[in-house]
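Let me begin by presenting the structure, written as structure tokens, before commenting on it.
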Amino acid sequence: MSSPLTFRRIFRFWLPLAGTWLMMAVEGPLLAAIIARMSAAELNLAAYGVAYAFALVAEAPIIMLMSAATALVSGQRSYRQLRRFTAILCVLVTALMVLLLVPPVFDLIMFRLVGLSAEVGSRVYLALLVLLPWPGVIGLRRFYQGVLIRNRQTDRVALATVARVGFMALSALLLYCYPAVQGALLGGVALSCGVIAELVATRLLASGAVTRFLTTEDTEAGMDMRGLSRYYLPLAMTPFITLGVHPLVTFFLGQGRQPLESLAVMPVIGALVFVFRAIGLSFQEAGIALVGENTANWKTVGWFATTLAGVMTVLLVVIAYTPLAEFWFVRVSGLTQGLAEFSIWPLRLMAFLPAMTVMSAYLRALLMGAQVTRPISTATVVEAALIVAVLTALLYDASLPGAVCAAIAYLVGRMAAILWMLLPVRQVVRKNFAQ
């Protein structure tokens, strides 16, 4: 940026990205609310949940494409190379979805391994069938979103997400008018329509940015396909590891004290905490774009991240440590009084997770901007390993409810991941300022 970077400029640049994440957070609850009001709600909610979980796993390898495009695209060569890399990756993840839908493979995974009933399994199959475009479309969309962010057009990213949420809601409501449509199928169609609309909108809104990069020479030599693979593979592994932790935590909750209560409240607590964590997750791409060449703006961006982390903590602490927590759990989430009281202490512990998410996003931004990605994936491995280790130790002790054990494990794991990234971040900053 030509003029000095200020808190106000960072805020204006980042705010549309925060809005994008918050809009996406509305998607799941909205579709679940519609499916819950249709026939065979329990079967369809279960099928939609399973199909969505597998779609997220298929999406995992391409989640970081937005960050990669933000960090790497600087001219025509880097744009074309990363676009080609994106296309190959999207074809591969779509092929994996197709493989999953081959009847023998589907039967083995869904019926024998997952243990679904025939009624739920048939609904899952239809939902996954209409979700086939999901990972590839999201991969292309995230690539163009990264191009927009690199071009300082974050407002257009948010505008395209408005199209996504609008088309998703419209298609869901239209299908809701036809009682013969299964709820799980409705969910799959609505999600696919939403991301296709977002891709079209993003590509149209990115036309100017694409033209700019195609007519600009790269500032650096750039990477070939092998270099891109080495850069991106650690990033692709990170969401896989993160997604794999949650089923493990669910398993441990079932083995601990008060398992039924813990399993019942953790999704509700997680949904509330995620609203605040989404703010932190949205900061990663903003950080990559704003730290500048040779991490020149790392201090200013770092102070903004620290301030943002503090604000998120204060807001969630106000909810967790006041009667607002009971209001949220009982009046908004519909928990019984007993489950609401059981949820208080896990929420109070997890109130510090959003701040850690912001700081983790900032450290990842510095590492990705410096093209040092391996510490990101290794930090995630450390986080996952510690979550499992802490859960095992606490549940073996059996003095705390499972939900409290999970909250402590999440905190310890995330703190360890942040500490793991600090040393390579310091090395990156020192190296760049020494040049």
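Residue numbers start at 1 in each chain; chains themselves are named A, B, ... in the order of the structure tokens; ligands are numbered from 1 in the order shown.
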
Legend entry - Residues near region 30-47 of chain A, cut-off 12 Å, only C-alpha atoms, skip fewer than 6 positions along chain, as a ChimeraX atom specification: /A:23-24,53-54,110,114,116-128,165-166,168-191,194

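Residue neighbourhood of Thr154 (chain A), excluding near-sequence residues (fewer than 3 positions): Pro16, Ile149 and Val157 of chain A, at 6 Å, using only C-alpha atoms.
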
Inset, instruction - Apply DSSP to the structure's backbone, then extract all residues of region 37-278 of chain A labelled helix (DSSP H, G or I) and return them as an MDAnalysis selection string. - result: chainID A and resid 41:62 65:72 76:100 103:113 118:130 134:150 154:176 183:205 207:214 225:255 259:278

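CA of Val318 (chain A) is found 12.7 Å from CA of Leu349 (chain A).
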